[in-house]
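**Q** Starting off with a structure, shown below.
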Amino acid sequence: METRTVVPVPRLFQAAVAPVQAFFRLEASSGILLALCAVAAMVWANSPWASTYVSLFDAPLALGLGGSVSHFTVRELINDGLMTVFFFLVGMEIKRELAAGELRTLSRALLPLIAALGGMVVPAALYAALNAGTPALKGWAIPMATDIAFAIGCLTLLKGRVSHGLVVFLTALAIFDDIGGILVIAMFYGTGLHVEWLLGALGVTGLLWLCNRYYVRNGVVYAVLGGALWYAMHHGGVHATIAGVVVGMMIPARPTRRGREVLEELHGFIGQLLREPEDEAVRTAQLLHIEEQLEDIEPPLTRFVHLWHGWVAYGIVPLFALANSGISLKGMQLSDLLKPLPLGVMLGLFVGKQVGIFLFTWVAVKAGLAEMPGRASLLQLHGVAVVGGIGFTVALFVAGLAFTNEPHLLTEAKLGILLGSLLSAVVGYVLLRFGPEPAPKPA
């Protein structure tokens, strides 16, 4: 009788999920997933089932009771609702960098700030020059943003070819880009201001500040106040997703107690615990006490970032890409790419970004305002500047705001975003992959 080896179920399960776990541990995984969703949307929108793509994301929804009912589509739910959570995470990331990260001092923040300024001004000016006097001019802010997930994902694929200093530089630059994009959205893409609602939003913001001041850690409190702020901003004429940024900036960034103080208390407590007789019920309560004490060391900001990062990176942003990247190419010709709008977006991202980032950084270094990040060569700096032209999530978001009621212009803008980002990713990768290696760290 033949003997067969039986593989234990846990080992089979581990073998099955190991590739998935490895994928999600990969730093570039969120960027890869984002790209796959964008490609899937393009294929779907140009397939025989294109009508299902349109009908799914344009499907009407209603929310409310009695006479107070809000009507919106699935795409609007994603863009105006779920993307608020994306901006909430952006707000927390900005605060973390300002409080304890690369932007906590002026000397650290100055060079990426200058580079980000160049990476916003030059693309916007290039786009405006090509679209002056046309209805498309209001899309001038589209090529300003760098997509941090795509850009860092691209650099991650070049591990060993890009110094840590350049990665930190691009990350900080992208954060300043986000700040600039948020300000632009708030100031230029509203729907007409209503003072009474904005005063209400200011009052809610004051309550959020008090929560920050007195170290409120309960996420439900921030969710309720965030919902109220979203509603007030929506009716006040400021784009409601900015509420996410405000709430994110109000999450406490420092622990309620000093780590050493808590650890000293726990040291004595654990010593006493080990001397007591074993009692399961008492031991459970004691372990819960230790857990509560350790929570005092972890800032609420860190806990919330860890809680939401996966949902945003692997859920909300890919879903946004799927809902907004489906461009029908039916009847489109190559000559359409030379229209001012798509050409302005494409050149703004691919040419304007690299020129602005590289030129402003080079001038700042030459003027002695800062040192070259990571002791990089000019060729390496140029490669990273090209990668900075990958503008996707925020660029698509701004395009949707600029051309809400003009679908043909929105389609042209999306096409420019996709092509400009693709060019920036491919050319930036090639320049860094086959260019000079980073200088070794000083001994």
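Residues in the structure tokens are numbered from 1 in each chain, the chains being A, B, ... in the order shown, and ligands are numbered from 1 in the order shown.
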Using only C-alpha atoms, which protein or nucleic acid residues come within 9 Å of Ile185 (chain A)? Drop anything in the same chain fewer than 3 positions from it, and give the result as a list in words.

**A**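 My reading of the contact set: Ala141, Gly180, Gly181, Ile182, Phe188, Tyr189, Gly190, Val238, His239, Ile242, Val398 and Leu401 of chain A.
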
**Q** Identify, on the basis of only C-alpha atoms, every residue whose closest approach to Gly227 (chain A) does not exceed 12 Å; exclude the query and any residue fewer than 4 positions from it along the same chain; express the result as a PyMOL selection string.

**A** chain A and resi 81-82+84-85+88+201+204-205+208+220-223+231-234+240-244+246-247

**Q** Write the selection just made, keeping N, CA and C atoms, as a short mmCIF file (atom, residue, chain, number, x, y, z; two decimals), in the first residue's frame?

**A**
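Everything below was put into again.cif:
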```cif
data_model
loop_
_atom_site.label_atom_id
_atom_site.label_comp_id
_atom_site.auth_asym_id
_atom_site.auth_seq_id
_atom_site.Cartn_x
_atom_site.Cartn_y
_atom_site.Cartn_z
N GLY A 81 -16.37 61.61 -0.33
CA GLY A 81 -16.52 60.96 0.97
C GLY A 81 -15.28 60.20 1.39
N LEU A 82 -14.97 59.11 0.69
CA LEU A 82 -13.83 58.28 1.08
C LEU A 82 -12.51 59.03 0.97
N THR A 84 -11.93 61.91 1.79
CA THR A 84 -11.72 62.69 3.01
C THR A 84 -10.82 61.93 3.97
N VAL A 85 -10.97 60.60 4.00
CA VAL A 85 -10.11 59.78 4.85
C VAL A 85 -8.67 59.83 4.33
N PHE A 88 -7.34 62.97 5.51
CA PHE A 88 -7.12 62.83 6.95
C PHE A 88 -5.74 62.22 7.22
N ALA A 201 -17.98 75.94 10.88
CA ALA A 201 -16.78 75.12 10.69
C ALA A 201 -15.66 75.58 11.61
N VAL A 204 -16.33 74.22 15.10
CA VAL A 204 -15.98 72.80 15.21
C VAL A 204 -14.46 72.64 15.26
N THR A 205 -13.75 73.46 14.47
CA THR A 205 -12.29 73.41 14.50
C THR A 205 -11.77 73.78 15.88
N LEU A 208 -12.06 70.78 18.02
CA LEU A 208 -10.99 69.84 17.68
C LEU A 208 -9.66 70.28 18.31
N VAL A 220 -13.68 57.96 18.19
CA VAL A 220 -15.09 58.27 17.93
C VAL A 220 -15.33 59.77 18.04
N VAL A 221 -14.68 60.41 19.01
CA VAL A 221 -14.84 61.86 19.19
C VAL A 221 -14.38 62.60 17.94
N TYR A 222 -13.22 62.22 17.42
CA TYR A 222 -12.70 62.88 16.22
C TYR A 222 -13.57 62.56 14.99
N ALA A 223 -14.13 61.35 14.94
CA ALA A 223 -14.99 60.98 13.82
C ALA A 223 -16.26 61.83 13.81
N TYR A 231 -19.55 68.44 6.98
CA TYR A 231 -20.88 68.96 6.61
C TYR A 231 -20.86 70.49 6.53
N ALA A 232 -20.21 71.13 7.52
CA ALA A 232 -20.16 72.60 7.55
C ALA A 232 -19.35 73.14 6.38
N MET A 233 -18.24 72.50 6.08
CA MET A 233 -17.42 72.96 4.95
C MET A 233 -18.12 72.73 3.61
N HIS A 234 -18.82 71.61 3.52
CA HIS A 234 -19.56 71.32 2.29
C HIS A 234 -20.57 72.41 1.99
N ALA A 240 -15.18 69.91 0.84
CA ALA A 240 -15.37 69.22 2.12
C ALA A 240 -14.22 68.31 2.50
N THR A 241 -13.46 67.79 1.53
CA THR A 241 -12.37 66.89 1.87
C THR A 241 -11.28 67.57 2.69
N ILE A 242 -11.22 68.91 2.65
CA ILE A 242 -10.25 69.64 3.46
C ILE A 242 -10.50 69.39 4.95
N ALA A 243 -11.74 69.01 5.29
CA ALA A 243 -12.05 68.68 6.69
C ALA A 243 -11.15 67.55 7.18
N GLY A 244 -10.84 66.60 6.30
CA GLY A 244 -9.95 65.50 6.68
C GLY A 244 -8.58 66.00 7.08
N VAL A 246 -7.83 69.01 8.28
CA VAL A 246 -7.94 69.74 9.55
C VAL A 246 -7.98 68.77 10.72
N VAL A 247 -8.81 67.72 10.60
CA VAL A 247 -8.90 66.73 11.68
C VAL A 247 -7.55 66.03 11.88
#
```

**Q** Between CA of Gly416 (chain A) and CA of Val345 (chain A), what distance in Å does the model show, to one decimal?

**A**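 Interatomic distance here is 5.0 Å.
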
**Q** One decimal, Å: what's the distance from CA of Ala116 (chain A) over to CA of Ala174 (chain A), could you say?

**A**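 CA of Ala174 (chain A) lies 7.2 Å from CA of Ala116 (chain A).
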
**Q** Closest to Thr361 (chain A) among A:Leu117, A:Ile142, A:Val122, A:Leu98, using only C-alpha atoms?

**A** A:Leu117

**Q** Identify which of the residues A:Leu113, A:Met144, A:Met372, A:Val162 lies closest to Gly435 (chain A), counting only C-alpha atoms when measuring atom-to-atom distances.

**A** A:Val162

**Q** For Val355 (chain A), which of A:Ile32, A:Leu432, A:Leu126, A:Leu410 is the closest residue, counting only C-alpha atoms?

**A** A:Leu126

**Q** Near Asp178 (chain A), within 10 Å and counting only C-alpha atoms, which residues show up once chain neighbours fewer than 6 positions away are dropped, as an MDAnalysis selection string?

**A** chainID A and resid 87 90:91 94 116 144:148 172 184 394

**Q** Those residues with N, CA and C atoms, as a short mmCIF file (atom, residue, chain, number, x, y, z; two decimals), in the first residue's frame please?

**A**
```cif
data_model
loop_
_atom_site.label_atom_id
_atom_site.label_comp_id
_atom_site.auth_asym_id
_atom_site.auth_seq_id
_atom_site.Cartn_x
_atom_site.Cartn_y
_atom_site.Cartn_z
N PHE A 87 -7.28 62.39 2.82
CA PHE A 87 -6.75 63.68 3.24
C PHE A 87 -6.55 63.74 4.76
N VAL A 90 -3.23 62.27 5.09
CA VAL A 90 -2.26 63.27 4.63
C VAL A 90 -2.01 64.30 5.74
N GLY A 91 -3.08 64.77 6.37
CA GLY A 91 -2.95 65.74 7.45
C GLY A 91 -2.12 65.19 8.61
N ILE A 94 1.59 64.98 7.55
CA ILE A 94 2.20 66.31 7.57
C ILE A 94 2.54 66.70 9.01
N ALA A 116 10.01 71.96 -3.74
CA ALA A 116 8.57 71.81 -3.95
C ALA A 116 7.98 73.07 -4.58
N MET A 144 0.60 70.26 -10.58
CA MET A 144 1.44 70.72 -9.46
C MET A 144 1.83 69.61 -8.49
N ALA A 145 1.04 68.55 -8.40
CA ALA A 145 1.21 67.59 -7.31
C ALA A 145 2.09 66.41 -7.69
N THR A 146 2.87 65.93 -6.72
CA THR A 146 3.64 64.69 -6.84
C THR A 146 2.91 63.60 -6.08
N ASP A 147 2.71 62.44 -6.72
CA ASP A 147 2.04 61.32 -6.05
C ASP A 147 3.07 60.56 -5.23
N ILE A 148 2.97 60.66 -3.92
CA ILE A 148 4.01 60.11 -3.06
C ILE A 148 4.06 58.59 -3.14
N ALA A 172 9.91 64.43 1.64
CA ALA A 172 9.61 65.75 2.21
C ALA A 172 9.06 66.69 1.14
N VAL A 184 -4.36 75.13 -2.43
CA VAL A 184 -4.94 75.49 -3.72
C VAL A 184 -6.40 75.04 -3.80
N VAL A 394 -3.67 63.19 -6.45
CA VAL A 394 -4.13 64.56 -6.23
C VAL A 394 -4.38 65.26 -7.56
#
```

**Q** Hey, what does DSSP flag as helix (DSSP H, G or I) within region 171-229 of chain A? Can you give it to me as a PDB file with N, CA, C and O atoms, in the first residue's frame?

**A**
```pdb
ATOM      1  N   THR A 171      10.500  62.501  -0.354  1.00  0.00           N
ATOM      2  CA  THR A 171       9.344  62.344   0.540  1.00  0.00           C
ATOM      3  C   THR A 171       8.928  63.685   1.134  1.00  0.00           C
ATOM      4  O   THR A 171       7.740  64.036   1.133  1.00  0.00           O
ATOM      5  N   ALA A 172       9.909  64.434   1.639  1.00  0.00           N
ATOM      6  CA  ALA A 172       9.608  65.753   2.209  1.00  0.00           C
ATOM      7  C   ALA A 172       9.064  66.693   1.144  1.00  0.00           C
ATOM      8  O   ALA A 172       8.126  67.473   1.392  1.00  0.00           O
ATOM      9  N   LEU A 173       9.630  66.632  -0.054  1.00  0.00           N
ATOM     10  CA  LEU A 173       9.152  67.456  -1.177  1.00  0.00           C
ATOM     11  C   LEU A 173       7.683  67.146  -1.479  1.00  0.00           C
ATOM     12  O   LEU A 173       6.867  68.064  -1.677  1.00  0.00           O
ATOM     13  N   ALA A 174       7.358  65.841  -1.517  1.00  0.00           N
ATOM     14  CA  ALA A 174       5.979  65.445  -1.812  1.00  0.00           C
ATOM     15  C   ALA A 174       5.023  65.918  -0.722  1.00  0.00           C
ATOM     16  O   ALA A 174       3.864  66.267  -1.003  1.00  0.00           O
ATOM     17  N   ILE A 175       5.493  65.951   0.531  1.00  0.00           N
ATOM     18  CA  ILE A 175       4.648  66.440   1.619  1.00  0.00           C
ATOM     19  C   ILE A 175       4.362  67.929   1.444  1.00  0.00           C
ATOM     20  O   ILE A 175       3.223  68.389   1.610  1.00  0.00           O
ATOM     21  N   PHE A 176       5.395  68.709   1.083  1.00  0.00           N
ATOM     22  CA  PHE A 176       5.162  70.126   0.816  1.00  0.00           C
ATOM     23  C   PHE A 176       4.243  70.303  -0.397  1.00  0.00           C
ATOM     24  O   PHE A 176       3.428  71.236  -0.436  1.00  0.00           O
ATOM     25  N   ASP A 177       4.377  69.425  -1.390  1.00  0.00           N
ATOM     26  CA  ASP A 177       3.456  69.429  -2.529  1.00  0.00           C
ATOM     27  C   ASP A 177       2.018  69.245  -2.058  1.00  0.00           C
ATOM     28  O   ASP A 177       1.091  69.915  -2.543  1.00  0.00           O
ATOM     29  N   ASP A 178       1.841  68.289  -1.126  1.00  0.00           N
ATOM     30  CA  ASP A 178       0.502  68.037  -0.591  1.00  0.00           C
ATOM     31  C   ASP A 178      -0.053  69.278   0.097  1.00  0.00           C
ATOM     32  O   ASP A 178      -1.230  69.621  -0.062  1.00  0.00           O
ATOM     33  N   ILE A 179       0.814  69.936   0.887  1.00  0.00           N
ATOM     34  CA  ILE A 179       0.372  71.159   1.568  1.00  0.00           C
ATOM     35  C   ILE A 179      -0.051  72.213   0.545  1.00  0.00           C
ATOM     36  O   ILE A 179      -1.100  72.855   0.683  1.00  0.00           O
ATOM     37  N   GLY A 180       0.775  72.386  -0.502  1.00  0.00           N
ATOM     38  CA  GLY A 180       0.432  73.346  -1.554  1.00  0.00           C
ATOM     39  C   GLY A 180      -0.859  72.981  -2.253  1.00  0.00           C
ATOM     40  O   GLY A 180      -1.711  73.849  -2.509  1.00  0.00           O
ATOM     41  N   GLY A 181      -1.024  71.680  -2.558  1.00  0.00           N
ATOM     42  CA  GLY A 181      -2.259  71.239  -3.211  1.00  0.00           C
ATOM     43  C   GLY A 181      -3.484  71.472  -2.354  1.00  0.00           C
ATOM     44  O   GLY A 181      -4.542  71.887  -2.845  1.00  0.00           O
ATOM     45  N   ILE A 182      -3.350  71.209  -1.045  1.00  0.00           N
ATOM     46  CA  ILE A 182      -4.464  71.426  -0.121  1.00  0.00           C
ATOM     47  C   ILE A 182      -4.861  72.902  -0.086  1.00  0.00           C
ATOM     48  O   ILE A 182      -6.054  73.241  -0.124  1.00  0.00           O
ATOM     49  N   LEU A 183      -3.874  73.790  -0.015  1.00  0.00           N
ATOM     50  CA  LEU A 183      -4.164  75.227  -0.003  1.00  0.00           C
ATOM     51  C   LEU A 183      -4.832  75.672  -1.299  1.00  0.00           C
ATOM     52  O   LEU A 183      -5.773  76.480  -1.290  1.00  0.00           O
ATOM     53  N   VAL A 184      -4.358  75.134  -2.427  1.00  0.00           N
ATOM     54  CA  VAL A 184      -4.942  75.492  -3.724  1.00  0.00           C
ATOM     55  C   VAL A 184      -6.396  75.035  -3.800  1.00  0.00           C
ATOM     56  O   VAL A 184      -7.279  75.783  -4.238  1.00  0.00           O
ATOM     57  N   ILE A 185      -6.657  73.800  -3.363  1.00  0.00           N
ATOM     58  CA  ILE A 185      -8.027  73.277  -3.391  1.00  0.00           C
ATOM     59  C   ILE A 185      -8.937  74.137  -2.522  1.00  0.00           C
ATOM     60  O   ILE A 185     -10.056  74.494  -2.912  1.00  0.00           O
ATOM     61  N   ALA A 186      -8.443  74.484  -1.326  1.00  0.00           N
ATOM     62  CA  ALA A 186      -9.262  75.276  -0.394  1.00  0.00           C
ATOM     63  C   ALA A 186      -9.562  76.669  -0.930  1.00  0.00           C
ATOM     64  O   ALA A 186     -10.676  77.190  -0.774  1.00  0.00           O
ATOM     65  N   MET A 187      -8.563  77.292  -1.595  1.00  0.00           N
ATOM     66  CA  MET A 187      -8.719  78.691  -1.999  1.00  0.00           C
ATOM     67  C   MET A 187      -9.340  78.872  -3.386  1.00  0.00           C
ATOM     68  O   MET A 187     -10.038  79.863  -3.632  1.00  0.00           O
ATOM     69  N   PHE A 188      -9.090  77.941  -4.299  1.00  0.00           N
ATOM     70  CA  PHE A 188      -9.477  78.174  -5.688  1.00  0.00           C
ATOM     71  C   PHE A 188     -10.545  77.227  -6.231  1.00  0.00           C
ATOM     72  O   PHE A 188     -11.066  77.448  -7.318  1.00  0.00           O
ATOM     73  N   VAL A 195     -20.762  82.539   4.778  1.00  0.00           N
ATOM     74  CA  VAL A 195     -20.102  82.902   6.026  1.00  0.00           C
ATOM     75  C   VAL A 195     -20.667  82.146   7.225  1.00  0.00           C
ATOM     76  O   VAL A 195     -19.916  81.687   8.100  1.00  0.00           O
ATOM     77  N   GLU A 196     -21.999  81.974   7.279  1.00  0.00           N
ATOM     78  CA  GLU A 196     -22.585  81.354   8.463  1.00  0.00           C
ATOM     79  C   GLU A 196     -22.104  79.914   8.646  1.00  0.00           C
ATOM     80  O   GLU A 196     -21.815  79.462   9.761  1.00  0.00           O
ATOM     81  N   TRP A 197     -21.983  79.183   7.532  1.00  0.00           N
ATOM     82  CA  TRP A 197     -21.497  77.804   7.613  1.00  0.00           C
ATOM     83  C   TRP A 197     -20.012  77.771   7.947  1.00  0.00           C
ATOM     84  O   TRP A 197     -19.539  76.899   8.683  1.00  0.00           O
ATOM     85  N   LEU A 198     -19.251  78.719   7.410  1.00  0.00           N
ATOM     86  CA  LEU A 198     -17.819  78.765   7.698  1.00  0.00           C
ATOM     87  C   LEU A 198     -17.563  79.111   9.165  1.00  0.00           C
ATOM     88  O   LEU A 198     -16.604  78.624   9.761  1.00  0.00           O
ATOM     89  N   LEU A 199     -18.430  79.942   9.745  1.00  0.00           N
ATOM     90  CA  LEU A 199     -18.312  80.221  11.178  1.00  0.00           C
ATOM     91  C   LEU A 199     -18.586  78.956  11.990  1.00  0.00           C
ATOM     92  O   LEU A 199     -17.922  78.697  13.012  1.00  0.00           O
ATOM     93  N   GLY A 200     -19.552  78.167  11.538  1.00  0.00           N
ATOM     94  CA  GLY A 200     -19.815  76.882  12.190  1.00  0.00           C
ATOM     95  C   GLY A 200     -18.612  75.952  12.076  1.00  0.00           C
ATOM     96  O   GLY A 200     -18.240  75.279  13.046  1.00  0.00           O
ATOM     97  N   ALA A 201     -17.982  75.944  10.879  1.00  0.00           N
ATOM     98  CA  ALA A 201     -16.780  75.122  10.693  1.00  0.00           C
ATOM     99  C   ALA A 201     -15.657  75.583  11.610  1.00  0.00           C
ATOM    100  O   ALA A 201     -14.915  74.767  12.176  1.00  0.00           O
ATOM    101  N   LEU A 202     -15.548  76.905  11.795  1.00  0.00           N
ATOM    102  CA  LEU A 202     -14.533  77.451  12.689  1.00  0.00           C
ATOM    103  C   LEU A 202     -14.791  77.016  14.141  1.00  0.00           C
ATOM    104  O   LEU A 202     -13.855  76.687  14.880  1.00  0.00           O
ATOM    105  N   GLY A 203     -16.066  76.991  14.533  1.00  0.00           N
ATOM    106  CA  GLY A 203     -16.413  76.531  15.879  1.00  0.00           C
ATOM    107  C   GLY A 203     -16.048  75.075  16.096  1.00  0.00           C
ATOM    108  O   GLY A 203     -15.499  74.711  17.146  1.00  0.00           O
ATOM    109  N   VAL A 204     -16.332  74.222  15.099  1.00  0.00           N
ATOM    110  CA  VAL A 204     -15.980  72.801  15.207  1.00  0.00           C
ATOM    111  C   VAL A 204     -14.462  72.640  15.265  1.00  0.00           C
ATOM    112  O   VAL A 204     -13.936  71.814  16.023  1.00  0.00           O
ATOM    113  N   THR A 205     -13.754  73.456  14.471  1.00  0.00           N
ATOM    114  CA  THR A 205     -12.290  73.409  14.496  1.00  0.00           C
ATOM    115  C   THR A 205     -11.768  73.776  15.883  1.00  0.00           C
ATOM    116  O   THR A 205     -10.790  73.190  16.369  1.00  0.00           O
ATOM    117  N   GLY A 206     -12.428  74.737  16.536  1.00  0.00           N
ATOM    118  CA  GLY A 206     -12.052  75.094  17.904  1.00  0.00           C
ATOM    119  C   GLY A 206     -12.221  73.926  18.859  1.00  0.00           C
ATOM    120  O   GLY A 206     -11.370  73.686  19.732  1.00  0.00           O
ATOM    121  N   LEU A 207     -13.315  73.173  18.710  1.00  0.00           N
ATOM    122  CA  LEU A 207     -13.519  71.985  19.548  1.00  0.00           C
ATOM    123  C   LEU A 207     -12.436  70.942  19.286  1.00  0.00           C
ATOM    124  O   LEU A 207     -11.948  70.289  20.229  1.00  0.00           O
ATOM    125  N   LEU A 208     -12.061  70.778  18.021  1.00  0.00           N
ATOM    126  CA  LEU A 208     -10.985  69.837  17.684  1.00  0.00           C
ATOM    127  C   LEU A 208      -9.659  70.280  18.311  1.00  0.00           C
ATOM    128  O   LEU A 208      -8.878  69.453  18.793  1.00  0.00           O
ATOM    129  N   TRP A 209      -9.423  71.584  18.321  1.00  0.00           N
ATOM    130  CA  TRP A 209      -8.199  72.100  18.944  1.00  0.00           C
ATOM    131  C   TRP A 209      -8.187  71.790  20.434  1.00  0.00           C
ATOM    132  O   TRP A 209      -7.149  71.424  20.991  1.00  0.00           O
ATOM    133  N   LEU A 210      -9.343  71.918  21.089  1.00  0.00           N
ATOM    134  CA  LEU A 210      -9.432  71.582  22.515  1.00  0.00           C
ATOM    135  C   LEU A 210      -9.162  70.100  22.742  1.00  0.00           C
ATOM    136  O   LEU A 210      -8.499  69.721  23.718  1.00  0.00           O
ATOM    137  N   CYS A 211      -9.670  69.260  21.826  1.00  0.00           N
ATOM    138  CA  CYS A 211      -9.395  67.816  21.928  1.00  0.00           C
ATOM    139  C   CYS A 211      -7.894  67.550  21.829  1.00  0.00           C
ATOM    140  O   CYS A 211      -7.348  66.708  22.551  1.00  0.00           O
ATOM    141  N   ASN A 212      -7.235  68.281  20.939  1.00  0.00           N
ATOM    142  CA  ASN A 212      -5.787  68.141  20.801  1.00  0.00           C
ATOM    143  C   ASN A 212      -5.079  68.666  22.052  1.00  0.00           C
ATOM    144  O   ASN A 212      -4.142  68.037  22.558  1.00  0.00           O
ATOM    145  N   ARG A 213      -5.558  69.781  22.542  1.00  0.00           N
ATOM    146  CA  ARG A 213      -4.912  70.430  23.697  1.00  0.00           C
ATOM    147  C   ARG A 213      -4.990  69.554  24.936  1.00  0.00           C
ATOM    148  O   ARG A 213      -4.044  69.501  25.735  1.00  0.00           O
ATOM    149  N   GLY A 219     -11.061  57.812  19.150  1.00  0.00           N
ATOM    150  CA  GLY A 219     -11.286  58.050  17.722  1.00  0.00           C
ATOM    151  C   GLY A 219     -12.715  58.427  17.387  1.00  0.00           C
ATOM    152  O   GLY A 219     -12.958  59.143  16.412  1.00  0.00           O
ATOM    153  N   VAL A 220     -13.679  57.961  18.194  1.00  0.00           N
ATOM    154  CA  VAL A 220     -15.088  58.269  17.929  1.00  0.00           C
ATOM    155  C   VAL A 220     -15.329  59.770  18.038  1.00  0.00           C
ATOM    156  O   VAL A 220     -16.079  60.360  17.252  1.00  0.00           O
ATOM    157  N   VAL A 221     -14.684  60.413  19.009  1.00  0.00           N
ATOM    158  CA  VAL A 221     -14.841  61.864  19.192  1.00  0.00           C
ATOM    159  C   VAL A 221     -14.379  62.600  17.937  1.00  0.00           C
ATOM    160  O   VAL A 221     -15.075  63.491  17.422  1.00  0.00           O
ATOM    161  N   TYR A 222     -13.221  62.220  17.417  1.00  0.00           N
ATOM    162  CA  TYR A 222     -12.702  62.878  16.216  1.00  0.00           C
ATOM    163  C   TYR A 222     -13.568  62.559  14.994  1.00  0.00           C
ATOM    164  O   TYR A 222     -13.726  63.402  14.108  1.00  0.00           O
ATOM    165  N   ALA A 223     -14.129  61.345  14.943  1.00  0.00           N
ATOM    166  CA  ALA A 223     -14.992  60.979  13.818  1.00  0.00           C
ATOM    167  C   ALA A 223     -16.262  61.826  13.811  1.00  0.00           C
ATOM    168  O   ALA A 223     -16.695  62.324  12.762  1.00  0.00           O
ATOM    169  N   VAL A 224     -16.867  62.010  14.987  1.00  0.00           N
ATOM    170  CA  VAL A 224     -18.103  62.803  15.077  1.00  0.00           C
ATOM    171  C   VAL A 224     -17.824  64.268  14.726  1.00  0.00           C
ATOM    172  O   VAL A 224     -18.544  64.876  13.913  1.00  0.00           O
ATOM    173  N   LEU A 225     -16.786  64.822  15.314  1.00  0.00           N
ATOM    174  CA  LEU A 225     -16.450  66.217  15.018  1.00  0.00           C
ATOM    175  C   LEU A 225     -15.998  66.381  13.571  1.00  0.00           C
ATOM    176  O   LEU A 225     -16.303  67.394  12.919  1.00  0.00           O
ATOM    177  N   GLY A 226     -15.289  65.394  13.044  1.00  0.00           N
ATOM    178  CA  GLY A 226     -14.876  65.433  11.642  1.00  0.00           C
ATOM    179  C   GLY A 226     -16.059  65.406  10.705  1.00  0.00           C
ATOM    180  O   GLY A 226     -16.090  66.124   9.694  1.00  0.00           O
ATOM    181  N   GLY A 227     -17.079  64.594  11.028  1.00  0.00           N
ATOM    182  CA  GLY A 227     -18.296  64.566  10.217  1.00  0.00           C
ATOM    183  C   GLY A 227     -19.012  65.906  10.227  1.00  0.00           C
ATOM    184  O   GLY A 227     -19.491  66.384   9.195  1.00  0.00           O
ATOM    185  N   ALA A 228     -19.066  66.526  11.408  1.00  0.00           N
ATOM    186  CA  ALA A 228     -19.702  67.847  11.518  1.00  0.00           C
ATOM    187  C   ALA A 228     -18.914  68.891  10.726  1.00  0.00           C
ATOM    188  O   ALA A 228     -19.499  69.756  10.056  1.00  0.00           O
ATOM    189  N   LEU A 229     -17.581  68.818  10.791  1.00  0.00           N
ATOM    190  CA  LEU A 229     -16.753  69.766  10.044  1.00  0.00           C
ATOM    191  C   LEU A 229     -16.912  69.572   8.542  1.00  0.00           C
ATOM    192  O   LEU A 229     -16.995  70.553   7.787  1.00  0.00           O
TER     193      LEU A 229
END
```

**Q** Taking only C-alpha atoms into account, name the residue in A:Ala149, A:Val426, A:Ala413, A:Val384 that is nearest to Leu396 (chain A).

**A** A:Ala413
